[in-house]
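Coordinates as given in protein04.cif (mmCIF, C-alpha atoms):
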data_structure
#
loop_
_atom_site.group_PDB
_atom_site.id
_atom_site.type_symbol
_atom_site.label_atom_id
_atom_site.label_comp_id
_atom_site.auth_asym_id
_atom_site.auth_seq_id
_atom_site.Cartn_x
_atom_site.Cartn_y
_atom_site.Cartn_z
ATOM 1 C CA MET A 1 52.906 83.298 -30.441
ATOM 2 C CA LYS A 2 51.207 82.146 -27.216
ATOM 3 C CA ASN A 3 52.274 78.531 -27.788
ATOM 4 C CA ASN A 4 55.985 79.357 -28.259
ATOM 5 C CA TRP A 5 56.664 78.448 -24.613
ATOM 6 C CA PHE A 6 55.374 74.930 -25.284
ATOM 7 C CA ILE A 7 57.660 74.469 -28.289
ATOM 8 C CA LYS A 8 60.614 75.778 -26.261
ATOM 9 C CA LEU A 9 59.756 73.375 -23.442
ATOM 10 C CA LEU A 10 59.642 70.426 -25.834
ATOM 11 C CA CYS A 11 63.017 71.410 -27.298
ATOM 12 C CA ILE A 12 64.535 71.670 -23.838
ATOM 13 C CA LEU A 13 63.110 68.275 -22.920
ATOM 14 C CA CYS A 14 64.630 66.745 -26.054
ATOM 15 C CA ILE A 15 68.022 68.265 -25.250
ATOM 16 C CA PHE A 16 67.851 67.033 -21.661
ATOM 17 C CA SER A 17 66.841 63.542 -22.713
ATOM 18 C CA PHE A 18 69.972 63.197 -24.835
ATOM 19 C CA SER A 19 72.429 65.031 -22.590
ATOM 20 C CA CYS A 20 71.259 63.880 -19.172
ATOM 21 C CA ASN A 21 70.643 60.184 -19.736
ATOM 22 C CA ASN A 22 71.367 58.584 -16.383
ATOM 23 C CA ASN A 23 70.986 54.898 -15.628
ATOM 24 C CA ASN A 24 71.159 55.378 -11.861
ATOM 25 C CA ASN A 25 67.481 55.847 -10.921
ATOM 26 C CA GLU A 26 68.159 56.722 -7.269
ATOM 27 C CA GLU A 27 70.552 59.490 -8.280
ATOM 28 C CA VAL A 28 68.003 60.929 -10.722
ATOM 29 C CA ILE A 29 65.252 60.816 -8.110
ATOM 30 C CA ASP A 30 67.442 62.439 -5.432
ATOM 31 C CA THR A 31 68.170 65.421 -7.685
ATOM 32 C CA ILE A 32 64.560 66.623 -7.616
ATOM 33 C CA TYR A 33 64.478 67.254 -3.856
ATOM 34 C CA GLY A 34 64.920 70.842 -2.727
ATOM 35 C CA SER A 35 63.570 74.197 -3.872
ATOM 36 C CA TRP A 36 62.950 75.356 -7.438
ATOM 37 C CA VAL A 37 61.765 78.738 -8.720
ATOM 38 C CA ARG A 38 60.332 80.187 -11.915
ATOM 39 C CA GLU A 39 58.428 83.160 -13.278
ATOM 40 C CA ILE A 40 54.754 82.262 -13.710
ATOM 41 C CA THR A 41 52.126 84.074 -15.763
ATOM 42 C CA ASP A 42 48.614 83.003 -14.845
ATOM 43 C CA SER A 43 45.515 82.896 -17.034
ATOM 44 C CA GLU A 44 44.699 86.504 -16.068
ATOM 45 C CA GLY A 45 48.124 87.770 -17.188
ATOM 46 C CA VAL A 46 49.494 88.235 -13.657
ATOM 47 C CA THR A 47 53.219 87.452 -13.555
ATOM 48 C CA PHE A 48 54.888 86.418 -10.305
ATOM 49 C CA THR A 49 57.744 84.285 -9.005
ATOM 50 C CA GLY A 50 56.773 80.934 -7.536
ATOM 51 C CA GLN A 51 58.801 78.516 -5.463
ATOM 52 C CA MET A 52 58.180 74.780 -5.362
ATOM 53 C CA THR A 53 59.881 72.706 -2.676
ATOM 54 C CA TYR A 54 60.055 68.915 -2.902
ATOM 55 C CA ASN A 55 60.715 67.466 0.552
ATOM 56 C CA GLN A 56 62.430 64.143 1.314
ATOM 57 C CA ASP A 57 59.213 62.848 2.948
ATOM 58 C CA ASN A 58 57.490 63.184 -0.474
ATOM 59 C CA THR A 59 55.490 66.256 0.446
ATOM 60 C CA PHE A 60 55.593 69.454 -1.568
ATOM 61 C CA ASP A 61 55.100 73.105 -0.747
ATOM 62 C CA PHE A 62 54.284 75.793 -3.311
ATOM 63 C CA GLU A 63 54.622 79.447 -2.430
ATOM 64 C CA PRO A 64 54.294 82.625 -4.454
ATOM 65 C CA ILE A 65 57.409 84.562 -3.409
ATOM 66 C CA THR A 66 56.467 87.817 -5.110
ATOM 67 C CA SER A 67 53.121 89.587 -4.972
ATOM 68 C CA ALA A 68 50.458 87.518 -6.737
ATOM 69 C CA PRO A 69 46.846 88.574 -6.121
ATOM 70 C CA GLY A 70 44.626 85.510 -5.891
ATOM 71 C CA HIS A 71 47.521 83.068 -5.416
ATOM 72 C CA THR A 72 48.196 81.424 -2.081
ATOM 73 C CA PRO A 73 50.603 78.809 -0.754
ATOM 74 C CA SER A 74 49.675 75.191 -1.414
ATOM 75 C CA SER A 75 50.901 71.801 -0.276
ATOM 76 C CA GLY A 76 50.325 68.099 -0.737
ATOM 77 C CA ASP A 77 52.078 64.809 -1.425
ATOM 78 C CA PHE A 78 53.782 63.304 -4.429
ATOM 79 C CA THR A 79 55.030 59.961 -5.665
ATOM 80 C CA LEU A 80 58.194 59.704 -7.687
ATOM 81 C CA THR A 81 59.783 57.358 -10.192
ATOM 82 C CA ALA A 82 62.902 57.900 -12.291
ATOM 83 C CA ASP A 83 60.957 59.884 -14.908
ATOM 84 C CA ARG A 84 57.503 60.705 -13.494
ATOM 85 C CA ILE A 85 56.185 62.712 -10.570
ATOM 86 C CA THR A 86 52.532 62.376 -9.551
ATOM 87 C CA PHE A 87 50.934 64.986 -7.316
ATOM 88 C CA VAL A 88 48.408 63.538 -4.856
ATOM 89 C CA ASN A 89 46.468 64.946 -1.914
ATOM 90 C CA ASP A 90 46.907 68.465 -3.308
ATOM 91 C CA VAL A 91 44.758 70.710 -1.102
ATOM 92 C CA ASP A 92 43.839 72.902 -4.099
ATOM 93 C CA CYS A 93 43.056 70.167 -6.643
ATOM 94 C CA GLY A 94 40.669 67.279 -6.168
ATOM 95 C CA THR A 95 42.508 64.980 -8.582
ATOM 96 C CA ASP A 96 45.982 63.567 -9.055
ATOM 97 C CA GLY A 97 48.264 65.022 -11.722
ATOM 98 C CA ALA A 98 51.148 63.180 -13.398
ATOM 99 C CA TYR A 99 54.133 64.892 -15.032
ATOM 100 C CA ASP A 100 57.194 63.613 -16.818
ATOM 101 C CA TYR A 101 60.294 65.377 -15.580
ATOM 102 C CA VAL A 102 63.901 65.850 -16.581
ATOM 103 C CA VAL A 103 66.535 67.260 -14.262
ATOM 104 C CA GLY A 104 69.533 69.152 -15.655
ATOM 105 C CA ASP A 105 72.444 70.715 -13.768
ATOM 106 C CA ASN A 106 70.323 73.531 -12.321
ATOM 107 C CA SER A 107 67.008 73.033 -14.089
ATOM 108 C CA LEU A 108 63.881 70.922 -13.781
ATOM 109 C CA ALA A 109 61.525 70.552 -16.741
ATOM 110 C CA LEU A 110 57.971 69.341 -16.070
ATOM 111 C CA ILE A 111 55.445 68.379 -18.726
ATOM 112 C CA ALA A 112 51.910 67.213 -17.911
ATOM 113 C CA VAL A 113 50.982 63.715 -19.075
ATOM 114 C CA SER A 114 47.779 63.315 -17.064
ATOM 115 C CA GLU A 115 46.389 66.491 -15.509
ATOM 116 C CA THR A 116 42.831 67.774 -15.063
ATOM 117 C CA CYS A 117 43.612 70.634 -12.646
ATOM 118 C CA ASP A 118 44.311 73.613 -14.914
ATOM 119 C CA PRO A 119 45.648 75.940 -12.171
ATOM 120 C CA ARG A 120 48.214 73.336 -11.085
ATOM 121 C CA LYS A 121 49.193 72.677 -14.692
ATOM 122 C CA GLY A 122 49.597 76.419 -15.291
ATOM 123 C CA VAL A 123 52.002 76.652 -12.379
ATOM 124 C CA LEU A 124 53.964 73.427 -12.833
ATOM 125 C CA GLN A 125 54.376 72.806 -16.558
ATOM 126 C CA SER A 126 57.552 74.651 -17.475
ATOM 127 C CA VAL A 127 61.259 74.773 -16.764
ATOM 128 C CA TRP A 128 62.243 75.587 -13.183
ATOM 129 C CA ARG A 129 65.670 76.624 -11.888
ATOM 130 C CA LYS A 130 67.329 75.374 -8.712
ATOM 131 C CA ASN A 131 66.943 77.832 -5.863
#
Translate the structure described by the file into C-alpha cells.
Amino acid sequence: MKNNWFIKLLCILCIFSFSCNNNNNEEVIDTIYGSWVREITDSEGVTFTGQMTYNQDNTFDFEPITSAPGHTPSSGDFTLTADRITFVNDVDCGTDGAYDYVVGDNSLALIAVSETCDPRKGVLQSVWRKN
C-alpha cells in the first residue's frame, strides 16, 4: 500500500505526457515559474503543507506553510530545460538533483531521475498544485 502514491504519480505522468504535449519549449518552461503547494508526509509520518516557489532568476524557495517540526525553509538554484529541472546549490543538500517534470493546467508533477538527497526527494517527488 505504501507504494500506491508512486503508481498514481506514474499514471498522472503518462496522462500528462499525452494530453499536454507542447512543442513550444519556452512556453513549457515559463509555466513552471511561480508558487506550488502540496501535502507532504515525511519519513517520520509528519504531514504538513509545503510551498515551493520557482523564481524567474532560477532560484527556488521552499517553505513549510503549516506546522512541521524539524522542517525549515530552504533555498537554492535550479537549471531548467523543456522537460527537466536540476536543483543545484541547495543549502540543505550537498549534491545536485535532477527531476523530469510535466506541467498541467494547475498541476506540476516531478519525478526524480538522478537524486541522492533523500529529504529533497521526499519533498519534491509528487504532484503539486498551483498556488
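Using only C-alpha atoms, the nearest neighbour of Met52 (chain A) within the list A:Leu108, A:Asp96, A:Val113, A:Ile29 is A:Leu108.
Across A:Arg120, A:Arg84, A:Arg129, A:Arg38, the tightest approach to Tyr101 (chain A) is made by A:Arg84 when counting all atoms listed in the file.
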| field | Selection result for the PyMOL selection byres ((chain A and resi 85-90) around 12) on this file, as an NGL selection string | value | :A and (28-29 or 32-33 or 54 or 58-62 or 73-84 or 91-103 or 108-117 or 119-121 or 124-125)
| query | For this file, the PyMOL selection byres ((chain A and resi 50) around 7) selects which residues, as a PyMOL selection string? | reply | chain A and resi 37-40+48-49+51-52+63-65
| task | For the file shown, report as number ranges by chain the outcome of the PyMOL selection byres ((chain A and resi 70) around 12) at residue level. | result | A: 42-44, 46-48, 64, 67-69, 71-73, 119
| task | For CA of Lys130 (chain A) and CA of Ser107 (chain A), determine how far apart the two atoms are, in Å to one decimal place. | result | 5.9 Å
| task | Mind giving me the straight-line distance from CA of Thr41 (chain A) to CA of Val123 (chain A) in Å, one decimal? | result | 8.2 Å
| query | What is the CA of Val127 (chain A)-CA of Asn55 (chain A) distance in Å, reported with one decimal? | reply | 18.8 Å
Kindly provide, as JSON, the centre and edge lengths (Å, one decimal) of an axis-aligned box around all atoms of region 120-128 of chain A given in the file, with 5 Å on each side.
{"center_x": 55.2, "center_y": 74.7, "center_z": -14.3, "size_x": 24.0, "size_y": 14.0, "size_z": 16.4}
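Considering the residues A:Trp36, A:Thr31, A:Thr66, A:Gly45 and counting only C-alpha atoms, Ser126 (chain A) has its shortest atom-to-atom contact with A:Trp36.
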Could you rebuild region 95-109 of chain A with N, CA and C atoms and give me the result as an mmCIF file, in the frame of the given file?
data_model
loop_
_atom_site.group_PDB
_atom_site.id
_atom_site.type_symbol
_atom_site.label_atom_id
_atom_site.label_comp_id
_atom_site.auth_asym_id
_atom_site.auth_seq_id
_atom_site.Cartn_x
_atom_site.Cartn_y
_atom_site.Cartn_z
ATOM 1 N N THR A 95 42.060 66.140 -7.809
ATOM 2 C CA THR A 95 42.508 64.980 -8.582
ATOM 3 C C THR A 95 44.029 64.903 -8.568
ATOM 4 N N ASP A 96 44.541 63.737 -8.923
ATOM 5 C CA ASP A 96 45.982 63.567 -9.055
ATOM 6 C C ASP A 96 46.434 64.147 -10.392
ATOM 7 N N GLY A 97 47.683 64.515 -10.477
ATOM 8 C CA GLY A 97 48.264 65.022 -11.722
ATOM 9 C C GLY A 97 49.635 64.412 -11.931
ATOM 10 N N ALA A 98 49.865 63.837 -13.104
ATOM 11 C CA ALA A 98 51.148 63.180 -13.398
ATOM 12 C C ALA A 98 51.937 63.998 -14.414
ATOM 13 N N TYR A 99 53.233 64.116 -14.185
ATOM 14 C CA TYR A 99 54.133 64.892 -15.032
ATOM 15 C C TYR A 99 55.402 64.089 -15.285
ATOM 16 N N ASP A 100 55.857 64.099 -16.528
ATOM 17 C CA ASP A 100 57.194 63.613 -16.818
ATOM 18 C C ASP A 100 58.143 64.727 -16.428
ATOM 19 N N TYR A 101 59.326 64.355 -15.955
ATOM 20 C CA TYR A 101 60.294 65.377 -15.580
ATOM 21 C C TYR A 101 61.686 64.987 -16.041
ATOM 22 N N VAL A 102 62.493 66.023 -16.237
ATOM 23 C CA VAL A 102 63.901 65.850 -16.581
ATOM 24 C C VAL A 102 64.674 66.864 -15.761
ATOM 25 N N VAL A 103 65.721 66.390 -15.083
ATOM 26 C CA VAL A 103 66.535 67.260 -14.262
ATOM 27 C C VAL A 103 67.865 67.494 -14.968
ATOM 28 N N GLY A 104 68.232 68.772 -15.124
ATOM 29 C CA GLY A 104 69.533 69.152 -15.655
ATOM 30 C C GLY A 104 70.424 69.602 -14.502
ATOM 31 N N ASP A 105 71.526 70.258 -14.814
ATOM 32 C CA ASP A 105 72.444 70.715 -13.768
ATOM 33 C C ASP A 105 71.745 71.607 -12.748
ATOM 34 N N ASN A 106 71.042 72.611 -13.202
ATOM 35 C CA ASN A 106 70.323 73.531 -12.321
ATOM 36 C C ASN A 106 68.911 73.785 -12.808
ATOM 37 N N SER A 107 68.349 72.838 -13.540
ATOM 38 C CA SER A 107 67.008 73.033 -14.089
ATOM 39 C C SER A 107 66.165 71.769 -13.936
ATOM 40 N N LEU A 108 64.868 71.991 -13.888
ATOM 41 C CA LEU A 108 63.881 70.922 -13.781
ATOM 42 C C LEU A 108 62.774 71.239 -14.770
ATOM 43 N N ALA A 109 62.589 70.376 -15.754
ATOM 44 C CA ALA A 109 61.525 70.552 -16.741
ATOM 45 C C ALA A 109 60.385 69.601 -16.397
#
